[in-house]
Every structure is written in structure tokens, then in C-alpha cells.
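Beneath this line is the structure, given in C-alpha cells, with notes to follow.
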Amino acid sequence: MNNLISVSNLSKSFGSEDALSNVSLDIKRGEIFALLGPNGAGKTTLISCICGLTTQTAGNIRINNYDTISNFRETRKLIGLVPQELPFDSFESVYNTCQFSRGLFGMTPNDVYIKEVLKSLSLLEKKDLQIFGLSGGMKRRLLIAKALSHEPKILFLDEPTAGVDVALRKDLWELISNLKKKGVTIILTTHYIEEAEQLADRVGIINSGKLVLVKDKADLMQEFNKKSTIITLRKKMQRLSKELKDSNISLIESGNKIKYISANGESNNLQSILNYLSKKKINYSEINTVNNSLEDIFLELIEKNEH
Amino acid sequence: MNIRATLTIYKFEMSRFRRTIFQSLVAPIITTSLYFVVFGAAIGSKIESINGVSYGSFIVPGLIMLYLMTESINNAAFGIYFPKFTGSIFEVLSAPVSALEATVGYVGAAASKSTIIGLMIFFTSNFFVTHNIKYPLIMAIFIALTSISFSLFGFIIGIWAQNWERLSIIPTLLVTPLVFLGGSFYSIDMLPQFWQQVSLFNPVFYLISGFRWSFFGNSEIPIEISLLAITVFMTLCLLIIGLIFKTGYRLRT
């Protein structure tokens with residue numbers, strides 16, 4: 001798998017504020033890359049620089065070996081962009097706005113293809129409706145349809161499922177998976193870690209304009225593989241006794257629960273906790289064990305980065 | 001060249017014009033008719049002919065210029081400001097479209113709309129006065145140059161404007177007074193000497209005067225100066241637009 005997008009030492013400043021600092025990143029052909037980060041981390045700025053909406057202060061971006069500034073026609077024709085907001089000329093019809101998007105990329109109108117795209121997004125029956133007559137979810141889908149109208153090889157999805165219901169979110173996930181199968185390279189930013197966990201091949205974490213980490217999702221999950229065990233007590237515990245003092249053991253929810261984090265299958269401490277509770281005749285009603293999610297990993301990395 | 005993109009923008013803008021065709025065309029026609037009733041028949045009948053031209057005929061070039069200029073500015077300014085306002089401009093900016101291709105699309109559509117309106121006013125005036133246009137080719141050149149250059153000016157205003165108030169402030173507070181004071185409805189010979197001198201600083205005066213020359217073969221200033229004035233204005237607008245796209249001013253962050 002070779003690199004389709006190469007970002008080298010990219011920086012962007014707005015006045016004295018650095019939105020991106022020396023970001024270098026390679027996106028492989030045909031992968032789904034999830035870019036995670038808190039609000040204001042620089043996700044949208046990075047996408048905007050790649051798509052030509054924002055001019056970088058330093059560094060360069062190459063797409064399919066073309067520079068995004070000196071060869072903007074070659075690079076932009078490969079890209080479809082789905083922005084975070086819902087920007088439309090609301091008085092235009094669904095069908096016409098898709099043909100408009102296609103025409104901007106220099107392509108001849110293609111009735112069959114546009115109808116196919118609209119059908120795949122369950123918008124075909126709405127094709128003659130004016131955009132203002134669509135629901136929020138339909139508008140979100142229409143943005144994707146517009147971005148796909150010129151048959152792009154790269155699709156940027158900036159928070160594609162923000163504000164959509166669960167059913168639509170699952171539909172969009174399926175659509176994204178199908179696009180990957182067709183060979184489209186997908187870069188998505190999201191606040192829903194579950195989304196990245198479900199879809200991404202690789203994950204990048206950005207914070208304060210710096211790329212903190214880029215890893216295969218599977219490797220990341222393995223490296224940070226931890227389990228959290230929550231023991232719900234029948235009676236509140238005031239504080240942890242000396243025997244339970246350990247950095248991985250804590251009292252939570254005002255002493256009603258004990259939380260124990262174990263790494264890489266280690267379970268000695270759990271046995272010690274259960275032995276202690278048994279010895280002290282402290283009853284518990286429930287024991288729950290959950291695997292560390294990408295969200296936990298994300299929060300941990302962000303926290304480390306900020307310290 | 002991405003000519004298809006230019007055509008796409010052009011058609012998109014013209015379809016907006018078709019959607020509002022009634023208000024776009026009927027309003028100027030009604031207003032023009034009122035001008036002829038008030039100025040041509042009611043007041044005009046009390047005014048002697050100007051340079052051998054009846055007052056009703058005299059105001060026709062001025063009226064057409066008034067609409068050409070204001071409609072060109074309004075259409076072009078709205079055409080680029082509206083996608084900026086809704087955010088949908090991102091599509092044009094992220095597409096393989098050059099500054100020239102985008103400008104031709106937006107400005108071409110705005111100029112076409114104002115030309116259609118200008119011609120409608122001309123045809124409407126035929127119901128009230130008879131015309132014998134002396135230089136139809138010069139008239140066509142003036143219409144084309146005026147609609148294109150003022151559409152370029154409107155395009156600049158649309159990019160510069162950051163809210164609806166700013167969008168209308170220059171057309172309302174600057175252009176309309178300049179057009180009215182540029183001799184649309186009178187010859188500057190009718191003004192006191194001081195105001196005649198002041199009128200020479202009004203660039204719109206040169207355009208109206210030149211356009212009137214194409215109708216009647218006489219005007220207050222030579223036709224060459226009028227053509228030079230509109231060419232200089234258009235060049236200036238093109239240079240500013242070139243600079244806007246080069247720097248990304250109020251388009252790209």
C-alpha cells in the first residue's frame with residue numbers, strides 16, 4: 001500500500017496563534033484514516049489545508065505525488081469533501097445541486113451516476129425537492145452525495161455523523177465501508193470514538209495543533225490494552241485500606257464502588273481485592289469488567305500530551 | 001482550462017435569475033414606465049428639448065445606464081456573497097477551478113442578467129418614445145463594457161462584505177447618488193457653472209455621456225474619453241480581483 005497523501009512539516013498560524021505545528025503525516029492508498037482530537041485541536045484546519053480552503057504558513061502537501069499548490073487541478077480533482085456544517089443554497093433542488101458539484105470538477109453531467117449516488121443514500125425519491133425541504137439527516141446525506149458526485153478517489157469526512165440519529169449513523173458507516181471496498185481512500189474526523197473504532201484502519205491523534213500519535217488501530221488497541229473492573233459494594237467504603245493501596249485501585253462514586261485497572265491480562269490484584277473483601281466481610285453486589293475502549297486510550301494520550 | 005466549471009457556475013447563477021424572473025424583470029419595467037409617465041409626460045412636457053432631443057428620449061440612455069450599473073453591482077455582489085454567507089463557497093474553493101474561471105462564471109452571469117434587464121428597459125421605452133439610434137454598435141459596446149465592469153465591481157463588494165449591511169452600503173450610498181448626479185435625467189449644461197465642474201469628477205457622468213452619444217450622436221464630452229474611462233475602471237477592477245484571489249482575501253483562511 002503506497003502513500004496517496006503526504007503532509008510534510010505543515011504549519012498554519014492565524015496571527016500569533018499556531019493552529020498546526022510542524023505536522024507530518026502519510027495517508028495510505030485505500031485506507032480509512034481516523035483523525036481524533038478535542039475541539040480546536042486542528043483537525044479541520046489540517047483538512048482545509050489539504051483541500052485548498054486554507055493556505056499553509058509552512059510545509060508542503062503532496063497528493064498522488066502532485067503538490068497541492070502548484071498542481072492544484074491534479075490534486076483537487078481527486079478529492080471529495082464533506083464539511084462539518086450544512087452549507088447549501090437551500091432553494092436549489094437535490095438533483096441539480098449534485099450536478100452542480102460534478103460540473104465544478106469539470107465533468108459532464110451524468111444522470112445515471114448521480115441517480116445511483118442518490119439511491120445509495122436513500123435520496124432518490126427526494127431528487128426534485130428543494131434542499132430547504134429536507135430534514136437534517138437528509139441534508140447530511142446530501143452533502144455526502146455532493147462530495148461523491150465527481151467520483152473522487154479521496155473522501156474527507158469532517159464529523160460526518162455529528163447530530164444524526166443512531167440508525168442513520170449505522171447506515172453511513174456501512175456506506176463508508178462500501179466506499180473503501182471500491183478503493184476510495186477515506187479520512188474522517190470524529191468525536192465519536194466508537195466510529196473510529198468501528199471503521200478506521202489507522203488512527204491519528206491531534207492535540208493543540210500537534211500530531212501526537214499515528215498508529216494502526218489494532219496495534220494501538222493492543223498496546224494500550226487494559227481492563228477496568230468495577231466492584232459495586234453493598235455498603236459504602238470511607239477510604240481504601242493500606243492493603244489495597246495501589247495506583248491501579250481507586251474508590252469511585254463516593255466510595256460505593258472500587259475500580260481496578262489491569263494491564264495485559266494481569267489479575268493478581270483483583271484476587272487480592274476479592275480476598276480482602278471476603279476477609280473483612282464486605283459484601284458486594286456486582287463485578288463488571290470492561291475492555292479499555294479507544295476513547296479511554298484517546299483520553300489517556302491527550303492527558304499525557306497536556307502534561 | 002476548466003471551462004465546464006465556468007459554465008456550471010454561469011448556469012447555476014442564471015437559474016437563480018430564472019427562479020426570480022418575475023421580480024427581476026417586472027419591477028424594473030414598472031419603475032421605468034413610471035419614470036416615463038412622471039418625467040417624460042408630466043414634467044417632460046414642460047421642458048424644452050435638450051440639444052434637439054425631446055426630454056422623454058433624452059432620459060432613456062440615463063435610465064438604461066442606471067439599471068445596468070445598479071443591477072450589475074447587486075447581482076454580482078449577491079452572487080458571490082450568498083455562497084460565502086451560507087458557507088457553500090467551499091465547493092468552488094476546493095474544486096479545480098482557477099480564479100479566472102470562477103470570476104468569469106459569476107461576473108458573466110451577473111452581466112448577462114443586467115444586460116437582459118437593460119434591454120427590457122430599452123424595449124419598454126419604445127412604448128413611450130420613438131428611437132433612432134445613431135450608433136447601435138457603440139451602444140452595444142457600451143452596454144457590454146458597463147455591465148461587465150460594474151459586475152466586476154459588484155463581485156469585489158460581495159467578497160469584501162462581511163454582512164448584509166455592508167453588501168448594500170456601497171450601492172446605496174455611493175453608486176446610486178453618482179448615477180443620479182451623473183446626468184441620467186439632465187444635461188450638465190443645465191447646472192450652474194460650479195456644479196458643472198463638480199460633475200466632471202463623477203466617473204459615472206462619462207459613461208452616461210458616452211452612452212447617450214451612441215443614441216443621439218452628441219454628448220457633453222468626447223466619446224473617446226468615455227470609452228477610456230470605462231476601460232480604466234474595468235482594468236482597475238480586474239487588478240483588484242486578481243489581488244484578491246492571489247492573497248485569498250476574505251475567501252481562503
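Each chain of the C-alpha cells is named A, B, ... in the order shown, its residues numbered from 1; ligands are numbered from 1 in display order.
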
> Could you pull the residues within 8 Å of Lys215 in chain A, counting only C-alpha atoms, minus those fewer than 5 positions along the same chain, as a PyMOL selection string?
Replying inline: chain A and resi 202-204+220

Could you make a table, as CSV, of the residues of chain A that have an atom within 6 Å of an atom of chain B, each with its nearest atom pair and distance in Å to one decimal, counting only C-alpha atoms, in chain and number order?
residue,atom,partner,partner_atom,distance
A:Cys51,CA,B:Ser94,CA,5.7
A:Gly52,CA,B:Ser94,CA,5.6
A:Leu53,CA,B:Arg252,CA,5.5
A:Thr54,CA,B:Thr253,CA,4.8
A:Arg73,CA,B:Pro96,CA,4.4
A:Arg76,CA,B:Pro96,CA,5.4
A:Lys77,CA,B:Pro96,CA,5.9
A:Pro87,CA,B:Ser88,CA,4.8
A:Phe88,CA,B:Ser88,CA,5.4
A:Gly103,CA,B:Ala5,CA,5.4
A:Leu104,CA,B:Ala5,CA,4.2
A:Phe105,CA,B:Ala95,CA,5.8
A:Gly106,CA,B:Arg4,CA,5.0

>> Considering only C-alpha atoms, can you say which of B:Thr115, B:Ser125, B:Ser226, B:Asn74 comes closest to Val37 in chain B?
In response: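 The shortest atom-to-atom distance to Val37 in chain B comes from B:Ser125.
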
> Could you name the residues that touch Glu85 in chain A at 12 Å or less, counting only C-alpha atoms, but leaving out those on the same chain fewer than 2 positions away, as a list of chain:residue names?
Replying inline: A:Thr44, A:Leu81, A:Val82, A:Pro83, A:Pro87, A:Phe88, A:Gly136, A:Lys139, A:Arg140, A:Leu143, A:Ile144, A:Leu157, A:Asp158, A:Glu159, A:Pro160, A:Thr161, A:Ala162, A:Gly163, B:Thr86, B:Gly87, B:Ser88, B:Phe90

Which of range 121-296 of chain A fall in strand (DSSP E), as an mmCIF file with N, CA, C and O atoms, in the first residue's frame:
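Full text of result_20.cif as output:
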data_model
loop_
_atom_site.group_PDB
_atom_site.id
_atom_site.type_symbol
_atom_site.label_atom_id
_atom_site.label_comp_id
_atom_site.auth_asym_id
_atom_site.auth_seq_id
_atom_site.Cartn_x
_atom_site.Cartn_y
_atom_site.Cartn_z
ATOM 1 N N ILE A 154 -10.456 10.229 -3.158
ATOM 2 C CA ILE A 154 -10.211 10.502 -1.740
ATOM 3 C C ILE A 154 -11.443 11.206 -1.187
ATOM 4 O O ILE A 154 -11.947 12.138 -1.802
ATOM 5 N N LEU A 155 -11.909 10.750 -0.030
ATOM 6 C CA LEU A 155 -13.078 11.404 0.563
ATOM 7 C C LEU A 155 -12.733 11.873 1.980
ATOM 8 O O LEU A 155 -12.285 11.084 2.812
ATOM 9 N N PHE A 156 -12.892 13.175 2.188
ATOM 10 C CA PHE A 156 -12.695 13.736 3.522
ATOM 11 C C PHE A 156 -14.059 13.900 4.183
ATOM 12 O O PHE A 156 -14.945 14.544 3.610
ATOM 13 N N LEU A 157 -14.199 13.335 5.355
ATOM 14 C CA LEU A 157 -15.466 13.443 6.078
ATOM 15 C C LEU A 157 -15.180 14.126 7.414
ATOM 16 O O LEU A 157 -14.560 13.547 8.303
ATOM 17 N N ASP A 158 -15.594 15.375 7.510
ATOM 18 C CA ASP A 158 -15.336 16.135 8.733
ATOM 19 C C ASP A 158 -16.553 15.990 9.645
ATOM 20 O O ASP A 158 -17.581 16.621 9.399
ATOM 21 N N THR A 185 -10.071 6.183 -0.745
ATOM 22 C CA THR A 185 -9.321 6.454 0.486
ATOM 23 C C THR A 185 -10.144 7.432 1.324
ATOM 24 O O THR A 185 -10.610 8.444 0.794
ATOM 25 N N ILE A 186 -10.318 7.103 2.595
ATOM 26 C CA ILE A 186 -11.221 7.926 3.419
ATOM 27 C C ILE A 186 -10.478 8.465 4.640
ATOM 28 O O ILE A 186 -9.807 7.722 5.348
ATOM 29 N N ILE A 187 -10.639 9.764 4.817
ATOM 30 C CA ILE A 187 -10.062 10.399 6.011
ATOM 31 C C ILE A 187 -11.230 11.006 6.761
ATOM 32 O O ILE A 187 -11.959 11.836 6.213
ATOM 33 N N LEU A 188 -11.426 10.580 7.986
ATOM 34 C CA LEU A 188 -12.562 11.124 8.732
ATOM 35 C C LEU A 188 -12.119 11.680 10.067
ATOM 36 O O LEU A 188 -11.221 11.145 10.718
ATOM 37 N N THR A 189 -12.719 12.789 10.423
ATOM 38 C CA THR A 189 -12.511 13.307 11.775
ATOM 39 C C THR A 189 -13.800 13.017 12.530
ATOM 40 O O THR A 189 -14.887 13.024 11.941
ATOM 41 N N THR A 190 -13.667 12.719 13.768
ATOM 42 C CA THR A 190 -14.871 12.396 14.523
ATOM 43 C C THR A 190 -14.683 12.642 16.016
ATOM 44 O O THR A 190 -13.568 12.624 16.523
ATOM 45 N N ARG A 202 -6.311 3.007 10.491
ATOM 46 C CA ARG A 202 -5.285 3.675 11.299
ATOM 47 C C ARG A 202 -5.904 4.883 11.981
ATOM 48 O O ARG A 202 -6.910 5.424 11.516
ATOM 49 N N VAL A 203 -5.272 5.267 13.066
ATOM 50 C CA VAL A 203 -5.802 6.372 13.853
ATOM 51 C C VAL A 203 -4.689 7.393 14.073
ATOM 52 O O VAL A 203 -3.543 7.021 14.345
ATOM 53 N N GLY A 204 -5.033 8.680 13.919
ATOM 54 C CA GLY A 204 -4.106 9.747 14.264
ATOM 55 C C GLY A 204 -4.736 10.586 15.352
ATOM 56 O O GLY A 204 -5.940 10.839 15.317
ATOM 57 N N ILE A 205 -3.932 10.967 16.317
ATOM 58 C CA ILE A 205 -4.473 11.805 17.396
ATOM 59 C C ILE A 205 -3.762 13.147 17.349
ATOM 60 O O ILE A 205 -2.531 13.210 17.329
ATOM 61 N N ILE A 206 -4.565 14.201 17.280
ATOM 62 C CA ILE A 206 -4.017 15.550 17.165
ATOM 63 C C ILE A 206 -4.477 16.357 18.370
ATOM 64 O O ILE A 206 -5.617 16.219 18.826
ATOM 65 N N ASN A 207 -3.575 17.144 18.920
ATOM 66 C CA ASN A 207 -3.930 17.986 20.065
ATOM 67 C C ASN A 207 -3.103 19.262 20.008
ATOM 68 O O ASN A 207 -1.901 19.211 19.764
ATOM 69 N N LYS A 210 -0.663 19.726 17.186
ATOM 70 C CA LYS A 210 0.460 18.787 17.003
ATOM 71 C C LYS A 210 -0.080 17.379 16.860
ATOM 72 O O LYS A 210 -1.006 16.988 17.603
ATOM 73 N N LEU A 211 0.516 16.629 15.960
ATOM 74 C CA LEU A 211 0.115 15.235 15.783
ATOM 75 C C LEU A 211 0.794 14.421 16.886
ATOM 76 O O LEU A 211 2.019 14.293 16.921
ATOM 77 N N VAL A 212 -0.014 13.936 17.815
ATOM 78 C CA VAL A 212 0.529 13.254 18.992
ATOM 79 C C VAL A 212 0.930 11.825 18.640
ATOM 80 O O VAL A 212 1.945 11.312 19.133
ATOM 81 N N LEU A 213 0.138 11.185 17.800
ATOM 82 C CA LEU A 213 0.362 9.770 17.535
ATOM 83 C C LEU A 213 -0.328 9.352 16.239
ATOM 84 O O LEU A 213 -1.404 9.839 15.913
ATOM 85 N N VAL A 214 0.319 8.456 15.503
ATOM 86 C CA VAL A 214 -0.330 7.805 14.345
ATOM 87 C C VAL A 214 -0.004 6.321 14.441
ATOM 88 O O VAL A 214 1.169 5.949 14.526
ATOM 89 N N LYS A 215 -1.029 5.505 14.479
ATOM 90 C CA LYS A 215 -0.800 4.071 14.655
ATOM 91 C C LYS A 215 -1.898 3.268 13.985
ATOM 92 O O LYS A 215 -3.008 3.764 13.795
ATOM 93 N N ASP A 216 -1.568 2.010 13.665
ATOM 94 C CA ASP A 216 -2.621 1.082 13.251
ATOM 95 C C ASP A 216 -3.582 0.940 14.416
ATOM 96 O O ASP A 216 -3.137 0.825 15.568
ATOM 97 N N LYS A 226 -6.085 -2.591 28.199
ATOM 98 C CA LYS A 226 -6.313 -2.598 29.647
ATOM 99 C C LYS A 226 -7.750 -2.979 29.910
ATOM 100 O O LYS A 226 -8.611 -2.815 29.048
ATOM 101 N N LYS A 227 -7.970 -3.496 31.123
ATOM 102 C CA LYS A 227 -9.349 -3.814 31.502
ATOM 103 C C LYS A 227 -9.683 -3.040 32.767
ATOM 104 O O LYS A 227 -8.839 -2.894 33.654
ATOM 105 N N SER A 228 -10.896 -2.591 32.843
ATOM 106 C CA SER A 228 -11.353 -1.935 34.071
ATOM 107 C C SER A 228 -12.359 -2.847 34.741
ATOM 108 O O SER A 228 -13.309 -3.312 34.095
ATOM 109 N N THR A 229 -12.118 -3.136 36.032
ATOM 110 C CA THR A 229 -13.068 -3.958 36.788
ATOM 111 C C THR A 229 -13.712 -3.078 37.854
ATOM 112 O O THR A 229 -13.008 -2.403 38.622
ATOM 113 N N ILE A 230 -15.018 -3.064 37.846
ATOM 114 C CA ILE A 230 -15.759 -2.246 38.817
ATOM 115 C C ILE A 230 -16.480 -3.198 39.779
ATOM 116 O O ILE A 230 -17.260 -4.053 39.356
ATOM 117 N N ILE A 231 -16.195 -3.031 41.065
ATOM 118 C CA ILE A 231 -16.860 -3.858 42.079
ATOM 119 C C ILE A 231 -17.852 -2.955 42.814
ATOM 120 O O ILE A 231 -17.454 -1.954 43.434
ATOM 121 N N THR A 232 -19.137 -3.279 42.702
ATOM 122 C CA THR A 232 -20.165 -2.471 43.366
ATOM 123 C C THR A 232 -20.378 -3.004 44.788
ATOM 124 O O THR A 232 -20.731 -4.170 44.977
ATOM 125 N N LEU A 233 -20.108 -2.145 45.774
ATOM 126 C CA LEU A 233 -20.193 -2.555 47.185
ATOM 127 C C LEU A 233 -21.613 -2.398 47.708
ATOM 128 O O LEU A 233 -22.347 -1.500 47.273
ATOM 129 N N ILE A 249 -5.771 0.882 41.796
ATOM 130 C CA ILE A 249 -7.030 0.653 42.533
ATOM 131 C C ILE A 249 -7.512 1.994 43.079
ATOM 132 O O ILE A 249 -6.736 2.757 43.648
ATOM 133 N N SER A 250 -8.804 2.280 42.891
ATOM 134 C CA SER A 250 -9.335 3.544 43.420
ATOM 135 C C SER A 250 -10.785 3.361 43.851
ATOM 136 O O SER A 250 -11.476 2.439 43.397
ATOM 137 N N LEU A 251 -11.195 4.232 44.750
ATOM 138 C CA LEU A 251 -12.603 4.254 45.158
ATOM 139 C C LEU A 251 -13.332 5.260 44.279
ATOM 140 O O LEU A 251 -12.851 6.380 44.103
ATOM 141 N N ILE A 252 -14.450 4.872 43.734
ATOM 142 C CA ILE A 252 -15.202 5.812 42.889
ATOM 143 C C ILE A 252 -16.640 5.899 43.373
ATOM 144 O O ILE A 252 -17.067 5.093 44.216
ATOM 145 N N LYS A 257 -18.132 2.190 44.947
ATOM 146 C CA LYS A 257 -17.538 1.220 44.018
ATOM 147 C C LYS A 257 -16.016 1.257 44.106
ATOM 148 O O LYS A 257 -15.425 2.308 44.388
ATOM 149 N N ILE A 258 -15.432 0.088 43.846
ATOM 150 C CA ILE A 258 -13.967 0.024 43.733
ATOM 151 C C ILE A 258 -13.647 -0.192 42.258
ATOM 152 O O ILE A 258 -14.231 -1.057 41.601
ATOM 153 N N LYS A 259 -12.692 0.636 41.749
ATOM 154 C CA LYS A 259 -12.296 0.467 40.352
ATOM 155 C C LYS A 259 -10.861 -0.049 40.324
ATOM 156 O O LYS A 259 -9.973 0.485 40.995
ATOM 157 N N TYR A 260 -10.675 -1.077 39.511
ATOM 158 C CA TYR A 260 -9.341 -1.658 39.394
ATOM 159 C C TYR A 260 -8.994 -1.764 37.917
ATOM 160 O O TYR A 260 -9.754 -2.317 37.128
ATOM 161 N N ILE A 261 -7.850 -1.184 37.555
ATOM 162 C CA ILE A 261 -7.417 -1.245 36.141
ATOM 163 C C ILE A 261 -6.264 -2.239 36.034
ATOM 164 O O ILE A 261 -5.239 -2.089 36.708
ATOM 165 N N SER A 262 -6.464 -3.252 35.186
ATOM 166 C CA SER A 262 -5.409 -4.252 34.996
ATOM 167 C C SER A 262 -4.866 -4.156 33.582
ATOM 168 O O SER A 262 -5.607 -3.874 32.634
ATOM 169 N N ALA A 263 -3.555 -4.355 33.451
ATOM 170 C CA ALA A 263 -2.926 -4.273 32.126
ATOM 171 C C ALA A 263 -2.497 -5.654 31.657
ATOM 172 O O ALA A 263 -1.985 -6.452 32.448
ATOM 173 N N TYR A 284 -20.451 -7.399 48.303
ATOM 174 C CA TYR A 284 -20.579 -6.668 47.033
ATOM 175 C C TYR A 284 -21.691 -7.305 46.214
ATOM 176 O O TYR A 284 -21.977 -8.492 46.328
ATOM 177 N N SER A 285 -22.295 -6.455 45.384
ATOM 178 C CA SER A 285 -23.458 -6.948 44.632
ATOM 179 C C SER A 285 -23.116 -7.292 43.184
ATOM 180 O O SER A 285 -23.815 -8.050 42.534
ATOM 181 N N GLU A 286 -22.037 -6.724 42.677
ATOM 182 C CA GLU A 286 -21.791 -6.882 41.235
ATOM 183 C C GLU A 286 -20.309 -6.687 40.913
ATOM 184 O O GLU A 286 -19.640 -5.873 41.550
ATOM 185 N N ILE A 287 -19.845 -7.465 39.954
ATOM 186 C CA ILE A 287 -18.491 -7.224 39.419
ATOM 187 C C ILE A 287 -18.605 -7.103 37.905
ATOM 188 O O ILE A 287 -19.139 -7.983 37.235
ATOM 189 N N ASN A 288 -18.141 -5.967 37.390
ATOM 190 C CA ASN A 288 -18.188 -5.745 35.927
ATOM 191 C C ASN A 288 -16.779 -5.531 35.395
ATOM 192 O O ASN A 288 -16.016 -4.748 35.967
ATOM 193 N N THR A 289 -16.475 -6.194 34.293
ATOM 194 C CA THR A 289 -15.166 -5.990 33.680
ATOM 195 C C THR A 289 -15.358 -5.541 32.231
ATOM 196 O O THR A 289 -16.123 -6.152 31.485
ATOM 197 N N VAL A 290 -14.732 -4.427 31.890
ATOM 198 C CA VAL A 290 -14.837 -3.944 30.502
ATOM 199 C C VAL A 290 -13.440 -3.698 29.929
ATOM 200 O O VAL A 290 -12.531 -3.282 30.650
ATOM 201 N N ASN A 291 -13.313 -3.952 28.624
ATOM 202 C CA ASN A 291 -12.042 -3.668 27.959
ATOM 203 C C ASN A 291 -11.895 -2.172 27.765
ATOM 204 O O ASN A 291 -12.884 -1.456 27.574
#

> Could you work out how far CA of Tyr106 in chain B lies from CA of Ile138 in chain B, giving the answer in Å with one decimal?
Replying inline: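 We find that CA of Ile138 in chain B and CA of Tyr106 in chain B lie 25.0 Å from each other.
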
> Between B:Tyr10, B:Val179, B:Gly118, B:Gln193, which is the closest to Glu101 in chain B once you count only C-alpha atoms?
Replying inline: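 Distance minimum relative to Glu101 in chain B lands on B:Tyr10.
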
>> With DSSP run on the backbone, what are the alpha helix (DSSP H) residues within range 131-300 of chain A? I'd like them as a PyMOL selection string.
In response: chain A and resi 136-148+166-181+193-199+217-223+268-279+294-300

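In this model, the gap between CA of Met139 in chain B and CA of Pro171 in chain B comes to 24.0 Å.
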
> Counting only C-alpha atoms, which of B:Tyr249, B:Glu13, B:Phe39, B:Phe233 gets nearest to Phe100 in chain A?
Replying inline: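 With only C-alpha atoms as the atom set, the closest residue is B:Glu13.
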
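Nearest to Glu224 in chain B of all the residues B:Trp164, B:Phe185, B:Phe122, B:Phe142 is B:Phe142, counting only C-alpha atoms.
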
> For the atom pair CA of Asn2 in chain A and CA of Ile27 in chain A, what is the interatomic distance in Å to one decimal place?
Replying inline: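 CA of Asn2 in chain A sits 8.5 Å away from CA of Ile27 in chain A.
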
> Which of these residues is nearest to Val94 in chain A, using only C-alpha atoms: A:Asp246, A:Asp171, A:Asp128, A:Asp219?
Replying inline: A:Asp128

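Counting only C-alpha atoms, the residue from B:Ala99, B:Ala161, B:Leu200, B:Val26 that sits nearest to Lys246 in chain B is B:Ala99.
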
>> Which residues are near Tyr135 in chain B? Cut-off 9 Å, only C-alpha atoms, ignore same chain within fewer than 5 positions. Put them as a VMD selection string.
In response: chain B and resid 140 213 to 217

With N, CA, C and O atoms retained, export the selected residues as a PDB file, in the first residue's frame.
ATOM      1  N   ALA B 140     -24.030  48.879 -28.194  1.00  0.00           N
ATOM      2  CA  ALA B 140     -23.840  47.504 -27.717  1.00  0.00           C
ATOM      3  C   ALA B 140     -22.527  47.385 -26.950  1.00  0.00           C
ATOM      4  O   ALA B 140     -22.466  46.727 -25.896  1.00  0.00           O
ATOM      5  N   TRP B 213     -24.245  59.479 -26.367  1.00  0.00           N
ATOM      6  CA  TRP B 213     -23.672  59.796 -27.692  1.00  0.00           C
ATOM      7  C   TRP B 213     -24.057  58.712 -28.714  1.00  0.00           C
ATOM      8  O   TRP B 213     -24.371  59.010 -29.862  1.00  0.00           O
ATOM      9  N   SER B 214     -24.032  57.440 -28.260  1.00  0.00           N
ATOM     10  CA  SER B 214     -24.356  56.343 -29.188  1.00  0.00           C
ATOM     11  C   SER B 214     -25.819  56.436 -29.655  1.00  0.00           C
ATOM     12  O   SER B 214     -26.154  56.001 -30.744  1.00  0.00           O
ATOM     13  N   PHE B 215     -26.676  57.070 -28.860  1.00  0.00           N
ATOM     14  CA  PHE B 215     -28.090  57.239 -29.229  1.00  0.00           C
ATOM     15  C   PHE B 215     -28.276  58.418 -30.188  1.00  0.00           C
ATOM     16  O   PHE B 215     -28.950  58.297 -31.209  1.00  0.00           O
ATOM     17  N   PHE B 216     -27.675  59.581 -29.802  1.00  0.00           N
ATOM     18  CA  PHE B 216     -28.034  60.822 -30.498  1.00  0.00           C
ATOM     19  C   PHE B 216     -26.884  61.438 -31.306  1.00  0.00           C
ATOM     20  O   PHE B 216     -27.084  62.426 -32.019  1.00  0.00           O
ATOM     21  N   GLY B 217     -25.676  60.907 -31.138  1.00  0.00           N
ATOM     22  CA  GLY B 217     -24.535  61.439 -31.884  1.00  0.00           C
ATOM     23  C   GLY B 217     -23.984  62.720 -31.308  1.00  0.00           C
ATOM     24  O   GLY B 217     -23.113  63.339 -31.916  1.00  0.00           O
TER      25      GLY B 217
END

>> Could you list, as a ChimeraX atom specification, every residue within 12 Å of Arg29 in chain A, counting only C-alpha atoms and ignoring same-chain residues fewer than 4 positions away?
In response: /A:1-6,33,63-64,153-155,180-187,201
